[in-house]
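Take a look at the structure below.
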Amino acid sequence: MSTVQTMDASRSTKFDDVIEKIVDYVLNYDVSASEEAMTTARYCFMDTIGCGLYALQYPACTKMMGPIVPGATLDNGARVPGTSYELDPVRAAWNIGAMIRWLDYNDTWLAAEWGHPSDNLGAILATADYLSRNNITENKDGLRMKDVLEAMIKAHEIQGVIALENSFNRVGLDHVMLVRIASTAVTAQMLGCDRAQMLNAVSHAWLDGSSLRTYRHAPNTGSRKSWAAGDATARGLFLAMLAKRGEMGYPSAVTAPVWGFQDVLFKGNTLSLKQDYGTYVMENILFKISYPAEFHAQTAVEAAINLHPLVKDKLDEIEKIVIETQESGDRIINKTGRLDNPADRDHCLQYMAAIGLIRGALVAEDYEDNIAKLPIVDQIRGKMQVSENTRFSQEYLEPDKRSIGNSIQVFFKDGTSTHVESVNYPVGHRRRRDEGIPLLIEKFERYVLGHFALEQSNQISQICASQAIFESTSVDEMMALLSTV
């Protein structure tokens with residue numbers, strides 16, 4: 001007797017609601033009406049580009065960049081900031097996305113799922129530059145940086161709102177699938193797709209499913225997590241280009257019984273979308289301003305650095321270190337045992353907190369072998385006890401708080417201890433914008449000046465310093481300034 005389920009083979013013409021809502025939002029919502037979102041998007045652009053330029057100092061990143069085969073460049077192609085590459089836009093999106101995410105040092109979104117919506121800038125910027133350069137050769141108007149900001153806000157919103165109620169990590173899927181979905185939607189619009197073509201494109205993005213999170217967790221943690229988002233944003237642009245050529249779509253890619261995303265990859269759960277798309281995510285985005293650390297650990301690192309003056313001369317006298325964190329932090333970055341590489345260390349709560357206690361700082365170089373092999377690092381890690389604080393977990397999910405709390409207390413062998421150093425909101429949180437933005441600008445200018453000559457750096461900084469000037473600047477001018485000859 002056959003056990004194969006009988007299916008209704010009639011083809012639906014109406015697309016899944018989750019697909020239609022994404023497309024209609026991208027087509028119809030005026031994100032520029034939110035001054036806060038537009039301003040925050042400019043800061044997001046600055047921070048994202050700055051972090052990408054910083055990553056170019058690392059051979060592990062740059063060896064992955066350039067054309068996929070030697071010589072496969074494109075005259076009048078999309079440029080890659082900080083380099084002389086001119087590539088087809090899909091490969092340029094891969095390059096830009098990889099350098100953005102390499103050091104894990106810019107914006108983050110935390111909810112039921114987490115991720116980095118700025119990763120979508122890979123596809124957005126490559127598409128904007130490619131379209132602008134080709135328009136200009138045809139004596140048409142190129143795009144403005146305002147167009148880039150609007151696409152960023154929409155991509156942030158798509159990725160972030162889906163993440164609010166849906167935990168893909170709990171079923172073993174990696175959050176970069178949301179980058180691919182968001183990048184597909186916004187670049188399809190940029191390419192001039194009509195609604196039907198955009199629906200087709202986004203359906204393909206859901207059909208692609210997701211990478212496994214294997215490369216983010218022991219014993220397999222590795223550098224793929226640094227280019228996975230570049231891969232996703234490039235794939236999104238590729239799918240949008242296919243749809244623009246007339247490739248068909250798949251209306252029930254998400255909900256089809258047995259074969260759809262929900263049944264195959266989401267354990268039969270129904271996607272939950274309780275909040276409409278708007279500008280919420282960009283307005284509430286979290287910036288990694290102070291430390292190149294996985295975001296669930298940002299406040300732990302700050303707490304550790306605050307305690308550094310009290311422990312730096314007593315490291316050998318420490319009996320134990322008690323760390324309390326949120327449920328998400330406890331589940332994904334509470335790591336003991338051997339850490340094999342920088343990708344392993346920058347996702348280990350104990351390692352990051354130990355560096356803060358020992359050195360009173362945390363920079364990207366602290367994840368390299370020469371620091372990790374110092375005996376004191378593992379000695380301090382070995383004295384740490386990590387547990388969940390239920391208040392931190394609750395406030396992490398509250399829409400009006402979205403805190404990312406951590407606390408640290410150090411106990412000494414003589415029976416004394418430090419106070420409990422608790423930090424609820426990192427510097428990059430919306431609640432600390434007044435404190436954080438000047439530091440973000442300083443960080444951006446440091447990395448721009450570290451990569452370009454003084455005159456070029458000053459031109460870039462001057463454009464980025466004014467919302468009006470930035471929005472009116474042509475994409476062609478900005479990309480020329482961000483490129484090397």
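If you're wondering about the labels, chains in the structure tokens are A, B, ... by order shown, residues count from 1 in each chain, ligands from 1 in order shown.
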For stretch 87-162 of chain A against stretch 336-343 of chain A, with a cut-off of 10 Å and counting only C-alpha atoms, what is the closest atom pair and its distance in Å to one decimal for every residue that makes the cut, ordered by chain and number, as a Markdown table?
```
| residue | atom | partner | partner_atom | distance |
| --- | --- | --- | --- | --- |
| A:Trp102 | CA | A:Ala343 | CA | 9.5 |
| A:Leu103 | CA | A:Ala343 | CA | 9.0 |
| A:Asp104 | CA | A:Ala343 | CA | 9.5 |
```
Can you check which parts of stretch 71-146 of chain A lie within 10 Å of stretch 319-332 of chain A? Per residue, the shortest pair of atoms and distance in Å to one decimal, counting only C-alpha atoms, sorted by chain and number, as a tab-separated table.
```
residue	atom	partner	partner_atom	distance
A:Leu110	CA	A:Ser328	CA	9.4
A:Ala111	CA	A:Ser328	CA	9.3
A:Ala112	CA	A:Ser328	CA	8.8
A:Glu113	CA	A:Ser328	CA	9.4
A:Trp114	CA	A:Ser328	CA	9.6
```
field: Counting only C-alpha atoms, the option among A:Lys312, A:Arg42, A:Arg101, A:Arg432 closest to A:Gly122
entry: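 Nearest candidate to A:Gly122 out of A:Lys312, A:Arg42, A:Arg101, A:Arg432: A:Arg101.
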Per-residue nearest contacts of stretch 36-112 of chain A to stretch 444-453 of chain A (6 Å; only C-alpha atoms) as a Markdown table:
```
| residue | atom | partner | partner_atom | distance |
| --- | --- | --- | --- | --- |
| A:Asp47 | CA | A:Phe444 | CA | 5.7 |
| A:Gly50 | CA | A:Phe444 | CA | 4.9 |
| A:Tyr54 | CA | A:Tyr447 | CA | 5.8 |
```
Go ahead and write the residues just picked, C-alpha atoms, as a PDB file, in the first residue's frame.
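The resulting part.pdb:
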```
ATOM      1  CA  ASP A  47      29.803  52.431   9.727  1.00  0.00           C
ATOM      2  CA  GLY A  50      34.300  51.878   7.470  1.00  0.00           C
ATOM      3  CA  TYR A  54      39.162  47.961   8.011  1.00  0.00           C
TER       4      TYR A  54
END
```
query: Which neighbours of stretch 284-288 of chain A fall inside 7 Å, counting only C-alpha atoms, when residues of the same chain fewer than 5 positions from it are skipped, and could you give them as a PyMOL selection string?
result: chain A and resi 105-109+428-430
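You can rank A:Gly382, A:Gly246, A:Gly172, A:Gly236 by their closest distance to A:Ser211 using only C-alpha atoms, and at the top of that list sits A:Gly172.
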Would you mind listing what lies within 12 Å of A:Phe470 as an mmCIF file with N, CA and C atoms, in the first residue's frame, with only C-alpha atoms counted and same-chain residues fewer than 5 positions away left out?
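Contents of out33.cif, as written:
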```cif
data_model
loop_
_atom_site.group_PDB
_atom_site.id
_atom_site.type_symbol
_atom_site.label_atom_id
_atom_site.label_comp_id
_atom_site.auth_asym_id
_atom_site.auth_seq_id
_atom_site.Cartn_x
_atom_site.Cartn_y
_atom_site.Cartn_z
ATOM 1 N N MET A 38 16.129 57.872 7.808
ATOM 2 C CA MET A 38 17.071 58.323 6.778
ATOM 3 C C MET A 38 18.406 58.735 7.395
ATOM 4 N N THR A 39 18.344 59.429 8.511
ATOM 5 C CA THR A 39 19.581 59.840 9.173
ATOM 6 C C THR A 39 20.345 58.634 9.705
ATOM 7 N N ALA A 41 20.193 55.645 8.587
ATOM 8 C CA ALA A 41 20.707 54.898 7.439
ATOM 9 C C ALA A 41 22.032 55.489 6.957
ATOM 10 N N ARG A 42 22.147 56.810 7.010
ATOM 11 C CA ARG A 42 23.434 57.431 6.631
ATOM 12 C C ARG A 42 24.530 56.989 7.577
ATOM 13 N N TYR A 43 24.242 57.000 8.874
ATOM 14 C CA TYR A 43 25.242 56.520 9.834
ATOM 15 C C TYR A 43 25.547 55.040 9.609
ATOM 16 N N PHE A 45 25.407 53.457 6.744
ATOM 17 C CA PHE A 45 26.276 53.387 5.565
ATOM 18 C C PHE A 45 27.716 53.686 5.945
ATOM 19 N N MET A 46 27.920 54.744 6.707
ATOM 20 C CA MET A 46 29.266 55.115 7.114
ATOM 21 C C MET A 46 29.937 53.990 7.903
ATOM 22 N N ARG A 144 21.198 58.463 -7.001
ATOM 23 C CA ARG A 144 21.741 59.282 -5.920
ATOM 24 C C ARG A 144 21.887 58.433 -4.666
ATOM 25 N N MET A 145 22.683 58.935 -3.743
ATOM 26 C CA MET A 145 22.870 58.191 -2.500
ATOM 27 C C MET A 145 21.576 58.116 -1.693
ATOM 28 N N LYS A 146 20.640 59.020 -1.947
ATOM 29 C CA LYS A 146 19.329 58.908 -1.321
ATOM 30 C C LYS A 146 18.671 57.587 -1.718
ATOM 31 N N ASP A 147 18.836 57.181 -2.972
ATOM 32 C CA ASP A 147 18.271 55.906 -3.428
ATOM 33 C C ASP A 147 18.892 54.740 -2.671
ATOM 34 N N VAL A 148 20.177 54.830 -2.383
ATOM 35 C CA VAL A 148 20.863 53.782 -1.626
ATOM 36 C C VAL A 148 20.304 53.707 -0.211
ATOM 37 N N LEU A 149 20.119 54.878 0.430
ATOM 38 C CA LEU A 149 19.580 54.891 1.790
ATOM 39 C C LEU A 149 18.179 54.288 1.840
ATOM 40 N N GLN A 459 37.356 64.422 1.555
ATOM 41 C CA GLN A 459 36.202 64.555 0.660
ATOM 42 C C GLN A 459 35.089 63.588 1.055
ATOM 43 N N ILE A 460 35.467 62.353 1.356
ATOM 44 C CA ILE A 460 34.468 61.356 1.761
ATOM 45 C C ILE A 460 33.789 61.779 3.052
ATOM 46 N N SER A 461 34.581 62.209 4.025
ATOM 47 C CA SER A 461 34.038 62.600 5.327
ATOM 48 C C SER A 461 33.127 63.817 5.217
ATOM 49 N N GLN A 462 33.497 64.776 4.373
ATOM 50 C CA GLN A 462 32.682 65.985 4.210
ATOM 51 C C GLN A 462 31.321 65.658 3.609
ATOM 52 N N ILE A 463 31.288 64.763 2.641
ATOM 53 C CA ILE A 463 30.000 64.372 2.059
ATOM 54 C C ILE A 463 29.146 63.658 3.098
ATOM 55 N N CYS A 464 29.768 62.780 3.864
ATOM 56 C CA CYS A 464 29.021 61.976 4.832
ATOM 57 C C CYS A 464 28.576 62.780 6.051
ATOM 58 N N ALA A 465 29.157 63.945 6.261
ATOM 59 C CA ALA A 465 28.851 64.748 7.445
ATOM 60 C C ALA A 465 27.507 65.468 7.344
ATOM 61 N N VAL A 475 25.735 58.397 -6.914
ATOM 62 C CA VAL A 475 26.387 57.127 -6.588
ATOM 63 C C VAL A 475 27.725 57.030 -7.305
ATOM 64 N N GLU A 477 29.809 59.421 -8.098
ATOM 65 C CA GLU A 477 30.825 60.226 -7.393
ATOM 66 C C GLU A 477 31.277 59.547 -6.118
ATOM 67 N N MET A 478 30.329 59.018 -5.362
ATOM 68 C CA MET A 478 30.683 58.360 -4.102
ATOM 69 C C MET A 478 31.552 57.135 -4.350
#
```
Shell around A:Ile22 at 8 Å using only C-alpha atoms, local window under 5 positions removed, as a ChimeraX atom specification: /A:158,185,277
Since we have the selection now, will you write its residues out, keeping C-alpha atoms, as a PDB file, in the first residue's frame?
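Now in result_13.pdb:
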```pdb
ATOM      1  CA  ILE A 158      12.360  43.067   5.639  1.00  0.00           C
ATOM      2  CA  ALA A 185      13.333  42.274  -3.065  1.00  0.00           C
ATOM      3  CA  TYR A 277       6.747  46.714   7.457  1.00  0.00           C
TER       4      TYR A 277
END
```
- prompt: Residues at most 8 Å from A:Ala354, counting only C-alpha atoms, excluding those fewer than 5 positions away in the same chain, as number ranges by chain?
  reply: A: 304, 377, 380-381
message: Residues within 8 Å of A:Lys244, please, as JSON, numbers by chain. Count only C-alpha atoms; anything in the same chain fewer than 2 positions from it doesn't count.
response: {"A": [188, 191, 192, 193, 197, 240, 241, 242, 246, 247]}
Written selection (N, CA and C atoms) as a short mmCIF file (atom, residue, chain, number, x, y, z; two decimals), in the first residue's frame:
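Output below, filename again.cif:
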```cif
data_model
loop_
_atom_site.label_atom_id
_atom_site.label_comp_id
_atom_site.auth_asym_id
_atom_site.auth_seq_id
_atom_site.Cartn_x
_atom_site.Cartn_y
_atom_site.Cartn_z
N ALA A 188 15.47 43.89 -6.97
CA ALA A 188 14.50 43.70 -8.05
C ALA A 188 13.82 45.02 -8.38
N LEU A 191 16.28 47.32 -10.19
CA LEU A 191 16.48 46.90 -11.58
C LEU A 191 15.31 47.24 -12.48
N GLY A 192 14.21 47.69 -11.88
CA GLY A 192 13.03 48.07 -12.66
C GLY A 192 12.03 46.96 -12.87
N CYS A 193 12.09 45.91 -12.05
CA CYS A 193 11.10 44.84 -12.16
C CYS A 193 9.71 45.35 -11.84
N GLN A 197 7.19 40.47 -11.64
CA GLN A 197 8.58 40.02 -11.65
C GLN A 197 9.17 40.01 -10.25
N ALA A 240 17.17 38.34 -8.58
CA ALA A 240 16.44 39.49 -9.10
C ALA A 240 16.71 39.68 -10.59
N MET A 241 17.95 39.45 -11.00
CA MET A 241 18.29 39.59 -12.42
C MET A 241 17.62 38.52 -13.27
N LEU A 242 17.51 37.31 -12.72
CA LEU A 242 16.78 36.26 -13.44
C LEU A 242 15.32 36.65 -13.65
N GLY A 246 12.55 37.52 -17.02
CA GLY A 246 11.29 36.83 -17.26
C GLY A 246 11.18 35.45 -16.68
N GLU A 247 12.11 35.07 -15.80
CA GLU A 247 12.02 33.74 -15.19
C GLU A 247 10.74 33.64 -14.34
#
```
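With only C-alpha atoms as the basis for measurement, A:Gly249 is the residue among A:Gly249, A:Gly97, A:Gly268, A:Pro89 that approaches A:Trp206 most closely.
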Going by DSSP on the backbone, which bits of stretch 69-298 of chain A are strand (DSSP E or B)? Write them as a PDB file with C-alpha atoms, in the first residue's frame, please.
```
ATOM      1  CA  ALA A  78      30.373  47.731 -10.218  1.00  0.00           C
ATOM      2  CA  ARG A  79      33.255  48.971  -8.076  1.00  0.00           C
ATOM      3  CA  GLU A  86      35.393  46.625 -11.387  1.00  0.00           C
ATOM      4  CA  LEU A  87      33.301  43.482 -11.528  1.00  0.00           C
ATOM      5  CA  THR A 108      23.208  44.009  14.338  1.00  0.00           C
ATOM      6  CA  TRP A 109      19.549  43.115  14.821  1.00  0.00           C
ATOM      7  CA  LEU A 110      18.489  40.937  17.743  1.00  0.00           C
ATOM      8  CA  TRP A 114      19.404  37.779  14.799  1.00  0.00           C
ATOM      9  CA  GLY A 115      21.549  38.983  11.960  1.00  0.00           C
ATOM     10  CA  ARG A 144      21.741  59.282  -5.920  1.00  0.00           C
ATOM     11  CA  LEU A 173      19.121  27.434   9.798  1.00  0.00           C
ATOM     12  CA  LEU A 212      23.113  25.388   7.915  1.00  0.00           C
ATOM     13  CA  LEU A 286      22.124  48.290  17.010  1.00  0.00           C
TER      14      LEU A 286
END
```
- request: Have a look at A:Ile136, A:Cys44, A:Val26, A:Leu439 and name the one nearest to A:Ala182; count only C-alpha atoms.
  value: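 Using only C-alpha atoms, the shortest distance to A:Ala182 belongs to A:Val26.
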query: Can you list, as a PyMOL selection string, every residue of stretch 234-370 of chain A that DSSP puts in helix (DSSP H, G or I)?
result: chain A and resi 234-244+261-265+280-283+295-311+315-317+327-332+342-345+349-359+364-367+369-370
